[in-house]
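Student: Take a look at my_file_1.cif, mmCIF, C-alpha atoms and all ligand atoms:
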```
data_structure
#
loop_
_atom_site.label_atom_id
_atom_site.label_comp_id
_atom_site.auth_asym_id
_atom_site.auth_seq_id
_atom_site.Cartn_x
_atom_site.Cartn_y
_atom_site.Cartn_z
CA MET C 1 -3.23 21.59 37.42
CA LYS C 2 -5.37 24.35 35.87
CA TYR C 3 -4.68 26.21 32.67
CA TRP C 4 -6.54 29.33 31.61
CA GLU C 5 -6.69 28.03 28.02
CA THR C 6 -6.94 24.65 26.39
CA PRO C 7 -3.74 24.01 24.45
CA PHE C 8 -4.42 23.46 20.73
CA GLY C 9 -8.13 23.43 21.45
CA MET C 10 -7.98 19.92 22.78
CA GLN C 11 -9.78 18.72 25.83
CA LYS C 12 -7.26 16.04 26.69
CA PRO C 13 -3.91 15.08 25.24
CA GLN C 14 -4.51 12.44 22.63
CA VAL C 15 -2.92 9.14 23.33
CA VAL C 16 -2.85 6.06 21.23
CA SER C 17 -3.75 2.63 22.40
CA GLY C 18 -4.31 -0.66 20.75
CA HIS C 19 -3.17 -4.19 20.31
CA ILE C 20 -0.23 -5.81 18.58
CA ASN C 21 -1.37 -9.17 17.29
CA ILE C 22 1.30 -11.71 16.45
CA LEU C 23 0.27 -14.86 14.65
CA LYS C 24 3.15 -16.81 16.07
CA ASP C 25 2.98 -19.94 13.96
CA ARG C 26 2.82 -18.06 10.68
CA CYS C 27 6.09 -16.20 11.36
CA LYS C 28 9.31 -17.22 9.59
CA GLY C 29 11.61 -15.34 11.93
CA CYS C 30 13.05 -12.91 9.40
CA SER C 31 13.21 -10.18 12.10
CA PHE C 32 12.13 -7.42 9.69
CA CYS C 33 9.52 -6.26 12.22
CA ILE C 34 11.92 -6.52 15.16
CA ASP C 35 14.78 -4.58 13.58
CA LEU C 36 12.84 -2.04 11.56
CA CYS C 37 10.34 -1.03 14.24
CA PRO C 38 11.17 2.64 14.85
CA ARG C 39 10.40 2.30 18.57
CA GLN C 40 12.06 -1.03 19.40
CA VAL C 41 8.80 -2.49 20.61
CA LEU C 42 9.46 -6.06 19.59
CA GLU C 43 12.10 -8.64 20.35
CA TYR C 44 12.77 -12.29 19.57
CA SER C 45 11.00 -14.83 21.72
CA THR C 46 13.11 -17.45 23.38
CA ASP C 47 10.87 -20.34 22.39
CA PHE C 48 10.24 -21.74 18.93
CA ASN C 49 7.05 -21.67 16.92
CA GLU C 50 5.75 -24.75 15.15
CA LYS C 51 7.97 -24.12 12.13
CA GLY C 52 11.06 -23.86 14.35
CA TYR C 53 11.55 -20.09 14.10
CA HIS C 54 11.80 -17.56 16.88
CA SER C 55 8.78 -15.33 16.43
CA PRO C 56 8.66 -11.78 17.81
CA VAL C 57 7.17 -10.94 21.20
CA VAL C 58 6.05 -7.56 22.45
CA ALA C 59 8.71 -6.25 24.81
CA ASN C 60 7.61 -2.66 25.26
CA LEU C 61 4.03 -2.04 24.28
CA ASP C 62 3.99 1.44 25.81
CA ALA C 63 6.47 2.65 23.21
CA CYS C 64 4.36 1.50 20.25
CA THR C 65 2.81 4.28 18.20
CA PHE C 66 0.73 1.91 16.05
CA CYS C 67 2.42 3.22 12.97
CA GLY C 68 1.76 -0.11 11.25
CA LEU C 69 5.20 -0.49 9.72
CA CYS C 70 5.60 -3.99 11.15
CA GLU C 71 2.29 -5.00 9.60
CA LEU C 72 3.23 -3.57 6.24
CA ILE C 73 6.73 -5.01 6.06
CA CYS C 74 6.09 -8.49 7.46
CA PRO C 75 6.48 -10.80 4.46
CA ASP C 76 4.48 -13.58 6.11
CA PHE C 77 1.35 -11.68 7.16
CA ALA C 78 2.12 -12.70 10.73
CA ILE C 79 1.82 -9.43 12.66
CA PHE C 80 -0.79 -6.68 12.65
CA VAL C 81 -1.70 -3.81 14.87
CA VAL C 82 -5.14 -2.54 15.72
CA GLU C 83 -5.33 0.99 17.01
CA THR C 84 -8.32 1.82 19.14
CA ASN C 85 -9.83 5.25 18.72
CA PRO C 86 -7.75 7.72 20.76
CA LYS C 87 -10.82 9.67 21.82
CA GLU C 88 -12.46 6.55 23.13
CA ALA C 89 -9.38 5.86 25.17
CA ALA C 90 -9.63 9.31 26.74
CA LEU C 91 -13.27 8.72 27.60
CA VAL C 92 -12.41 5.48 29.31
CA GLN C 93 -9.98 7.40 31.49
CA GLU C 94 -12.56 9.99 32.41
CA LYS C 95 -14.94 7.52 33.98
CA MET I 96 -13.41 28.33 29.75
CA GLN I 97 -11.17 26.51 32.09
CA ASN I 98 -10.20 22.98 31.47
CA GLU I 99 -8.48 20.48 33.56
CA ILE I 100 -5.64 18.91 31.70
CA CYS I 101 -5.06 15.30 32.22
CA CYS I 102 -1.41 14.87 33.09
CA GLU I 103 -1.36 11.26 34.16
CA SER I 104 0.70 8.66 32.42
CA PRO I 105 -0.36 7.88 28.84
CA ILE I 106 -3.43 5.78 28.55
CA ILE I 107 -2.54 2.49 27.02
CA ALA I 108 -5.50 0.23 27.01
CA GLY I 109 -3.88 -2.40 24.82
CA THR I 110 -2.57 -5.81 25.55
CA ALA I 111 0.03 -7.85 23.75
CA GLU I 112 -2.30 -10.84 23.64
CA PRO I 113 -3.56 -11.73 20.19
CA GLU I 114 -7.28 -11.30 19.95
CA THR I 115 -8.91 -14.49 18.81
CA ASN I 116 -11.88 -12.88 17.13
CA ILE I 117 -10.04 -10.50 14.79
CA GLN I 118 -8.20 -11.58 11.70
CA HIS I 119 -5.19 -10.23 9.92
CA PRO I 120 -6.43 -7.50 7.55
CA MET I 121 -4.88 -9.31 4.60
CA GLU I 122 -6.75 -12.52 5.28
CA GLY I 123 -9.69 -11.88 2.98
CA LEU I 124 -7.38 -10.93 0.12
CA LEU I 125 -5.14 -13.96 0.32
CA ARG I 126 -5.92 -17.54 -0.54
CA MET I 127 -5.44 -18.80 2.98
CA ASP I 128 -5.55 -22.45 1.95
CA ARG I 129 -2.25 -21.83 0.13
CA MET I 130 -0.53 -20.35 3.17
CA PRO I 131 2.20 -20.50 4.35
CA HIS I 132 3.65 -19.29 1.06
CA ILE I 133 6.78 -20.83 -0.45
CA TRP I 134 8.88 -17.66 -0.17
CA CYS I 135 11.98 -18.02 1.95
CA SER I 136 12.42 -16.43 5.33
CA GLY I 137 13.79 -12.94 4.68
CA CYS I 138 12.48 -12.70 1.11
CA GLY I 139 10.86 -9.35 0.35
CA LEU I 140 8.09 -10.71 -1.86
CA GLY I 141 5.53 -10.95 0.93
CA SER I 142 6.14 -7.30 1.81
CA VAL I 143 5.53 -6.34 -1.82
CA VAL I 144 2.18 -8.17 -1.76
CA THR I 145 1.13 -6.28 1.37
CA ALA I 146 2.28 -2.99 -0.15
CA PHE I 147 0.33 -3.79 -3.33
CA VAL I 148 -2.90 -4.38 -1.40
CA GLU I 149 -2.24 -1.28 0.70
CA GLY I 150 -1.77 0.71 -2.51
CA LEU I 151 -5.06 -0.53 -3.94
CA LYS I 152 -6.81 0.41 -0.71
CA LYS I 153 -5.27 3.89 -0.88
CA ALA I 154 -6.35 4.26 -4.48
CA GLY I 155 -9.90 3.30 -3.51
CA SER I 156 -9.96 0.52 -6.10
CA ASP I 157 -12.88 -1.86 -6.23
CA PHE I 158 -11.33 -5.26 -5.54
CA ASP I 159 -13.85 -6.92 -7.85
CA LYS I 160 -12.41 -4.86 -10.68
CA VAL I 161 -8.75 -5.71 -10.18
CA ALA I 162 -7.01 -8.51 -12.03
CA VAL I 163 -3.52 -9.73 -11.20
CA VAL I 164 -1.45 -11.56 -13.80
CA SER I 165 1.91 -13.19 -13.11
CA GLY I 166 4.46 -15.12 -15.06
CA ILE I 167 6.81 -17.80 -13.77
CA GLY I 168 9.31 -17.54 -10.96
CA CYS I 169 9.30 -16.77 -7.26
CA THR I 170 7.39 -13.55 -7.93
CA GLY I 171 5.10 -15.42 -10.29
CA ARG I 172 3.52 -17.06 -7.26
CA VAL I 173 1.80 -13.78 -6.35
CA ALA I 174 -1.12 -14.51 -8.66
CA GLY I 175 -1.64 -17.82 -6.90
CA TYR I 176 -1.70 -16.31 -3.43
CA ILE I 177 -3.75 -13.20 -3.95
CA ASN I 178 -7.50 -13.67 -3.72
CA LEU I 179 -8.51 -11.39 -6.59
CA ASP I 180 -9.14 -12.32 -10.20
CA SER I 181 -5.73 -13.68 -10.97
CA PHE I 182 -3.95 -15.74 -13.57
CA HIS I 183 -0.60 -17.48 -13.51
CA THR I 184 0.55 -17.46 -17.11
CA THR I 185 3.32 -19.29 -18.93
CA HIS I 186 6.87 -17.99 -18.65
CA GLY I 187 7.26 -14.40 -19.86
CA ARG I 188 3.71 -14.12 -21.20
CA ALA I 189 2.09 -12.18 -18.39
CA ILE I 190 1.99 -8.93 -20.40
CA PRO I 191 0.33 -10.34 -23.56
CA PHE I 192 -2.26 -12.03 -21.35
CA ALA I 193 -2.85 -8.81 -19.43
CA THR I 194 -3.11 -6.83 -22.67
CA GLY I 195 -5.85 -9.14 -23.92
CA LEU I 196 -7.60 -9.04 -20.57
CA LYS I 197 -7.56 -5.24 -20.57
CA MET I 198 -8.80 -5.00 -24.15
CA ALA I 199 -11.76 -7.26 -23.40
CA ASN I 200 -12.53 -5.73 -19.97
CA ASN I 201 -11.61 -2.11 -20.24
CA ASP I 202 -13.04 -1.24 -16.83
CA MET I 203 -10.66 -3.57 -15.00
CA THR I 204 -7.46 -2.42 -13.33
CA THR I 205 -5.02 -4.93 -14.73
CA VAL I 206 -1.79 -5.43 -12.84
CA VAL I 207 1.13 -7.60 -13.85
CA ILE I 208 3.30 -8.63 -10.90
CA SER I 209 6.30 -10.62 -11.98
CA GLY I 210 10.02 -10.92 -11.63
CA ASP I 211 12.91 -9.35 -13.52
CA GLY I 212 13.77 -12.61 -15.27
CA ASP I 213 10.22 -13.21 -16.41
CA LEU I 214 9.55 -9.65 -17.57
CA PHE I 215 12.94 -8.66 -18.99
CA ALA I 216 14.53 -11.89 -20.19
CA ILE I 217 11.96 -14.20 -21.75
CA GLY I 218 9.25 -11.54 -21.74
CA GLY I 219 11.46 -8.59 -22.65
CA ASN I 220 9.89 -7.90 -26.02
CA HIS I 221 6.37 -7.99 -24.67
CA LEU I 222 7.32 -5.38 -22.10
CA ILE I 223 8.86 -2.88 -24.48
CA HIS I 224 6.01 -3.23 -26.95
CA ALA I 225 3.32 -2.86 -24.30
CA ALA I 226 5.13 0.31 -23.19
CA ARG I 227 5.39 1.51 -26.80
CA ARG I 228 1.66 0.96 -27.40
CA ASN I 229 0.90 2.49 -24.00
CA VAL I 230 -1.45 -0.31 -23.07
CA ASP I 231 -3.34 0.68 -19.95
CA ILE I 232 -1.81 -1.90 -17.60
CA ASN I 233 0.36 -1.60 -14.50
CA VAL I 234 3.52 -3.62 -14.31
CA ILE I 235 5.17 -4.22 -10.94
CA CYS I 236 8.54 -5.81 -11.57
CA VAL I 237 10.19 -7.30 -8.50
CA ASN I 238 13.92 -7.19 -9.11
CA ASN I 239 16.04 -9.49 -6.96
CA PHE I 240 19.03 -9.43 -9.37
CA ILE I 241 19.03 -13.17 -9.99
CA TYR I 242 16.94 -16.18 -11.04
CA GLY I 243 15.84 -17.31 -7.59
CA MET I 244 13.55 -20.24 -8.21
CA THR I 245 15.82 -22.11 -10.60
CA GLY I 246 18.93 -21.91 -8.44
CA GLY I 247 20.64 -18.59 -8.94
CA GLN I 248 21.62 -18.25 -12.58
CA THR I 249 22.72 -14.88 -14.01
CA ALA I 250 19.68 -12.76 -14.89
CA PRO I 251 19.56 -9.72 -17.18
CA THR I 252 19.62 -7.61 -14.01
CA THR I 253 22.58 -9.24 -12.23
CA PRO I 254 25.04 -6.40 -11.58
CA LEU I 255 28.56 -6.53 -13.01
CA GLN I 256 30.89 -8.58 -10.78
CA ALA I 257 28.06 -10.16 -8.80
CA ARG I 258 28.43 -13.91 -8.45
CA SER I 259 25.77 -16.35 -9.48
CA SER I 260 25.71 -20.09 -10.13
CA THR I 261 26.48 -19.45 -13.81
CA ALA I 262 29.02 -16.73 -13.03
CA PRO I 263 31.23 -18.22 -10.32
CA TYR I 264 33.99 -15.62 -10.94
CA GLY I 265 31.58 -12.74 -11.10
CA ASN I 266 29.23 -11.57 -13.82
CA TYR I 267 30.81 -10.07 -16.97
CA GLU I 268 27.56 -8.95 -18.61
CA GLN I 269 26.20 -5.44 -18.48
CA PRO I 270 22.80 -5.56 -16.76
CA PHE I 271 19.62 -3.87 -17.92
CA ASN I 272 18.51 -0.70 -16.23
CA LEU I 273 14.84 -1.57 -15.92
CA VAL I 274 13.43 1.90 -15.32
CA GLY I 275 15.54 3.28 -18.16
CA LEU I 276 14.28 0.66 -20.56
CA ALA I 277 10.64 1.19 -19.61
CA ALA I 278 10.99 4.98 -19.86
CA ALA I 279 12.77 4.81 -23.22
CA ALA I 280 10.09 2.47 -24.57
CA GLY I 281 7.44 5.06 -23.72
CA ALA I 282 5.88 4.17 -20.37
CA SER I 283 3.54 6.83 -18.92
CA TYR I 284 4.55 6.28 -15.32
CA VAL I 285 7.92 5.00 -14.13
CA ALA I 286 9.01 4.55 -10.51
CA ARG I 287 11.60 2.60 -8.60
CA TRP I 288 11.51 1.66 -4.92
CA SER I 289 12.92 -1.09 -2.79
CA ALA I 290 11.09 -3.45 -0.47
CA MET I 291 12.41 -1.26 2.33
CA HIS I 292 10.25 1.66 1.12
CA VAL I 293 6.93 -0.08 1.61
CA ARG I 294 4.96 3.10 2.20
CA ARG I 295 6.34 4.98 -0.78
CA LEU I 296 5.87 1.86 -2.85
CA ALA I 297 2.23 1.64 -1.76
CA ASP I 298 1.80 5.31 -2.73
CA SER I 299 3.26 4.65 -6.19
CA ILE I 300 1.01 1.63 -6.64
CA ALA I 301 -1.96 3.81 -5.69
CA VAL I 302 -0.98 6.45 -8.27
CA ALA I 303 -0.51 3.77 -10.93
CA ALA I 304 -3.86 2.14 -10.12
CA ASN I 305 -5.70 5.35 -11.02
CA LYS I 306 -3.49 6.32 -13.94
CA LYS I 307 -4.24 5.68 -17.57
CA GLY I 308 -1.48 4.23 -19.68
CA PHE I 309 1.43 1.91 -19.14
CA CYS I 310 2.76 2.23 -15.58
CA PHE I 311 6.00 0.57 -14.59
CA ILE I 312 7.20 0.18 -11.01
CA GLU I 313 10.47 -1.57 -10.23
CA VAL I 314 10.77 -2.95 -6.71
CA ILE I 315 14.20 -3.99 -5.51
CA SER I 316 13.74 -6.95 -3.24
CA PRO I 317 16.15 -9.03 -1.16
CA CYS I 318 16.77 -12.64 -2.12
CA PRO I 319 18.73 -14.04 0.84
CA THR I 320 18.61 -17.65 -0.30
CA VAL I 321 20.36 -17.20 -3.62
CA PHE I 322 21.65 -13.70 -4.29
CA ALA I 323 22.89 -13.01 -0.76
CA ARG I 324 24.38 -16.48 -0.35
CA LYS I 325 26.35 -16.23 -3.59
CA ASN I 326 27.51 -12.72 -2.78
CA MET I 327 28.04 -12.94 0.97
CA GLY I 328 25.20 -10.50 1.47
CA GLY I 329 24.07 -11.89 4.81
CA THR I 330 20.43 -12.34 5.70
CA GLY I 331 17.37 -10.84 4.09
CA LEU I 332 17.39 -8.15 6.74
CA ASP I 333 21.02 -7.25 5.96
CA LEU I 334 20.19 -6.92 2.27
CA LEU I 335 17.09 -4.89 3.01
CA LYS I 336 19.03 -2.54 5.25
CA SER I 337 21.79 -2.18 2.67
CA PHE I 338 19.19 -1.21 0.05
CA GLY I 339 17.88 1.36 2.49
CA GLU I 340 21.35 2.75 3.11
CA ARG I 341 22.30 2.83 -0.56
CA THR I 342 19.11 4.58 -1.62
CA VAL I 343 19.12 8.16 -2.83
CA ILE I 344 15.64 9.52 -3.48
CA ASP I 345 15.59 11.81 -6.50
CA HIS I 346 12.29 12.20 -8.32
CA ASP I 347 13.88 14.34 -11.02
CA ALA I 348 16.57 11.84 -11.97
CA ASP I 349 16.73 10.75 -15.58
CA PRO I 350 15.66 7.08 -15.42
CA THR I 351 17.96 6.15 -18.29
CA LYS I 352 21.02 7.29 -16.36
CA ILE I 353 20.61 5.39 -13.10
CA PRO I 354 21.81 1.81 -13.51
CA ILE I 355 22.24 -0.30 -10.39
CA GLY I 356 25.74 -1.50 -9.57
CA MET I 357 26.91 -4.02 -7.05
CA ASN I 358 27.57 -1.64 -4.19
CA ASP I 359 26.93 1.90 -5.41
CA GLU I 360 23.93 4.02 -4.73
CA ILE I 361 20.42 3.11 -5.85
CA VAL I 362 18.44 6.08 -7.10
CA CYS I 363 14.77 5.68 -6.23
CA GLY I 364 11.79 7.90 -6.94
CA ASN I 365 8.78 8.54 -9.15
CA PHE I 366 10.63 9.50 -12.30
CA ILE I 367 8.00 9.87 -14.98
CA ASN I 368 4.34 10.72 -14.73
CA GLU I 369 2.92 12.00 -18.00
CA ASP I 370 -0.17 11.49 -20.09
CA ARG I 371 -0.11 9.99 -23.54
CA PRO I 372 -3.03 8.55 -25.50
CA THR I 373 -3.43 4.92 -24.50
CA TYR I 374 -3.74 2.02 -26.90
CA TRP I 375 -7.44 1.69 -26.06
CA GLU I 376 -8.08 5.37 -26.83
CA ASN I 377 -6.20 5.13 -30.11
CA VAL I 378 -8.20 2.05 -31.11
CA GLN I 379 -11.46 3.82 -30.29
CA THR I 380 -10.51 7.00 -32.17
CA GLY I 381 -9.31 4.95 -35.14
CA ILE I 382 -12.52 2.96 -35.38
CA ARG I 383 -14.68 6.07 -34.96
CA ASP I 384 -12.81 7.91 -37.73
CA ALA I 385 -13.14 4.95 -40.05
CA VAL I 386 -16.89 4.65 -39.38
CA ASP I 387 -17.38 8.40 -39.91
CA LYS I 388 -15.58 8.24 -43.23
CA GLU I 389 -17.73 5.29 -44.31
CA ASN I 390 -20.88 7.20 -43.34
CA VAL I 391 -19.82 10.24 -45.36
CA TYR I 392 -19.06 8.02 -48.34
CA TRP I 393 -22.49 6.36 -48.27
CA LYS I 394 -24.28 9.68 -47.75
CA ASN I 395 -22.59 11.23 -50.75
CA LEU I 396 -23.31 8.27 -52.98
S1 LIG C 401 3.20 -0.45 14.95
FE1 LIG C 401 5.10 0.66 14.57
S2 LIG C 401 5.88 1.18 16.62
FE2 LIG C 401 4.33 -0.43 16.89
S3 LIG C 401 5.46 -2.37 16.87
FE3 LIG C 401 4.79 -2.01 14.77
S4 LIG C 401 6.51 -0.93 13.82
FE4 LIG C 401 6.81 -0.79 16.05
S1 LIG C 402 8.38 -9.62 10.00
FE1 LIG C 402 6.82 -11.24 10.15
S2 LIG C 402 7.89 -13.13 9.61
FE2 LIG C 402 9.46 -11.59 10.05
S3 LIG C 402 9.93 -11.88 12.26
FE3 LIG C 402 8.34 -10.31 12.13
S4 LIG C 402 6.39 -11.44 12.35
FE4 LIG C 402 7.98 -12.94 11.85
S1 LIG C 403 14.77 -17.87 -3.83
FE1 LIG C 403 15.07 -15.70 -3.40
S2 LIG C 403 13.40 -14.62 -4.46
FE2 LIG C 403 12.86 -16.81 -4.36
S3 LIG C 403 11.58 -16.98 -2.51
FE3 LIG C 403 13.69 -17.44 -1.90
S4 LIG C 403 14.54 -15.47 -1.23
FE4 LIG C 403 12.68 -15.03 -2.40
#
```
Kindly return the structure encoded in the file as structure tokens.

Tutor:
Amino acid sequence: MKYWETPFGMQKPQVVSGHINILKDRCKGCSFCIDLCPRQVLEYSTDFNEKGYHSPVVANLDACTFCGLCELICPDFAIFVVETNPKEAALVQEK
Amino acid sequence: MQNEICCESPIIAGTAEPETNIQHPMEGLLRMDRMPHIWCSGCGLGSVVTAFVEGLKKAGSDFDKVAVVSGIGCTGRVAGYINLDSFHTTHGRAIPFATGLKMANNDMTTVVISGDGDLFAIGGNHLIHAARRNVDINVICVNNFIYGMTGGQTAPTTPLQARSSTAPYGNYEQPFNLVGLAAAAGASYVARWSAMHVRRLADSIAVAANKKGFCFIEVISPCPTVFARKNMGGTGLDLLKSFGERTVIDHDADPTKIPIGMNDEIVCGNFINEDRPTYWENVQTGIRDAVDKENVYWKNL
């Protein structure tokens, strides 16, 4: 599709990408991250971690906006997100 | 210029697999040999620690110039877990220790992180006098409404009618309103948030880190093991959500008029942010005046 003008001066729509890292054995299963995630990205795993808690697993990575709320609210420092540069992601697509 | 717009599905290059070579961003700031921490599953204290570090990062603080002082209690463990200059003092004496530390090292950001029992029961006098003198320290008081570590006795913050192990029929004592007390004693910065408001809390901590004078931040935190169990409050998540639902954000509220009841609304916000001469400044001015007077005396002799 061709447009005569670039919307908002952007070459490509910016998209976010990244990783959600869960340190499974550090989790104490409080479910703060699972319930408070604004995009319902996480859910309980069915298996236990070494402490006997159900840690979160990523159920819907595509919905994650890498807002970092889960990282900030996790009381056990067990989850963190790393957002890769959105522009880099666009360049990868171009190739 | 014509541009082709990319209309394919969003580019998600991520995976859910944990990367082995990257560490949790908090790792360098925690004493990892002490982990896992003793805090119960569903306790909000870990979130407060993350928010504190996030606040310092936002404020652009130099981590070598930050000291954390704690008293005794569940919250008192913060000093032991955080990998900055930190000291775990005797019960209630975090503020006197921090005052001395600040007087001797005026360039350090000195933060007291302790619980409501430590700061307002046994350490209550230290708090009001540090606020009166306007000592340039930041106090983060984590309020869980009960004495958690010792088994759930009534604290000075336990709301009326709340049950505790020393109030099996409900508490008959009027609780302290922590922000009101700090404001009335003369604190320069007063805020109240709950562990649910981690971002706003981090912002307040950032403001306090760069502010001169006595800064007081109350953080309402869930204690599922003791407070929720005695009061049928459910899990830590249930408590956290109820704090979120009960919160009314009003930055203009008078801090002395917003006590916290058992089930009524919790007014949160940044209530006071004003500048008053700090204790350090007063000491400096006092000494300078005295020296000037001496000099005049000797010159005229
Ligand atoms: S970064 Fe935000 S959207 Fe993504 S999982 Fe965490 S809380 Fe959910
Ligand atoms: S917030 Fe942390 S401790 Fe709680 S379930 Fe999520 S990863 Fe586990
Ligand atoms: S007793 Fe309460 S305050 Fe103490 S660690 Fe457990 S949940 Fe947290």

Student: Which protein, DNA or RNA residues have an atom within 9 Å of ligand LIG 401 (chain C), counting only C-alpha atoms and all ligand atoms, as a VMD selection string?

Tutor: chain C and resid 20 33 to 34 36 to 42 58 60 to 61 63 to 73 79 to 83

Student: How would you report the residues lying within 6 Å of ligand LIG 403 (chain C), as a list of chain:residue names, if you count all atoms listed in the file?

Tutor: I:Trp134, I:Cys135, I:Cys138, I:Cys169, I:Gly243, I:Met244, I:Cys318, I:Pro319, I:Thr320, I:Val321

Student: Could you please take those selected residues and save C-alpha atoms as an mmCIF file, in the frame of the given file?

Tutor:
```
data_model
loop_
_atom_site.group_PDB
_atom_site.id
_atom_site.type_symbol
_atom_site.label_atom_id
_atom_site.label_comp_id
_atom_site.auth_asym_id
_atom_site.auth_seq_id
_atom_site.Cartn_x
_atom_site.Cartn_y
_atom_site.Cartn_z
ATOM 1 C CA TRP I 134 8.880 -17.660 -0.170
ATOM 2 C CA CYS I 135 11.980 -18.020 1.950
ATOM 3 C CA CYS I 138 12.480 -12.700 1.110
ATOM 4 C CA CYS I 169 9.300 -16.770 -7.260
ATOM 5 C CA GLY I 243 15.840 -17.310 -7.590
ATOM 6 C CA MET I 244 13.550 -20.240 -8.210
ATOM 7 C CA CYS I 318 16.770 -12.640 -2.120
ATOM 8 C CA PRO I 319 18.730 -14.040 0.840
ATOM 9 C CA THR I 320 18.610 -17.650 -0.300
ATOM 10 C CA VAL I 321 20.360 -17.200 -3.620
#
```

Student: Give me, please, the distance in Å between atom CA of Ala304 of chain I and atom CA of Glu376 of chain I, quoted to one decimal.

Tutor: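 Atom CA of Glu376 of chain I lies 17.5 Å from atom CA of Ala304 of chain I.
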
Student: Given 6 Å on each side, where is the centre and what are the edge lengths in Å to one decimal of the axis-aligned box enclosing the listed atoms of segment 20-30 of chain C, as AutoDock Vina command-line options?

Tutor:
```
--center_x 5.8 --center_y -12.9 --center_z 14.0 --size_x 26.4 --size_y 26.1 --size_z 21.2
```

Student: So what do you get for atom CA of Leu196 of chain I versus atom CA of Val302 of chain I, distance-wise?

Tutor: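 Those two atoms sit 20.9 Å apart.
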
Student: Can you tell me how far atom CA of Ala59 of chain C sits from atom CA of Glu43 of chain C, in Å to one decimal?

Tutor: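 It comes out at 6.1 Å.
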
Student: Step by step, measure atom-to-atom distances between ligand LIG 402 (chain C) and each residue using all atoms listed in the file, keep those at most 6 Å, then write them as a PyMOL selection string.

Tutor: chain C and resi 27-33+55-56+74-76+78-79

Student: Looking at all atoms listed in the file, which of C:Thr84, C:Lys51, C:Asp35, C:Val57 is the one that sits closest to Ile22 of chain C?

Tutor: C:Val57
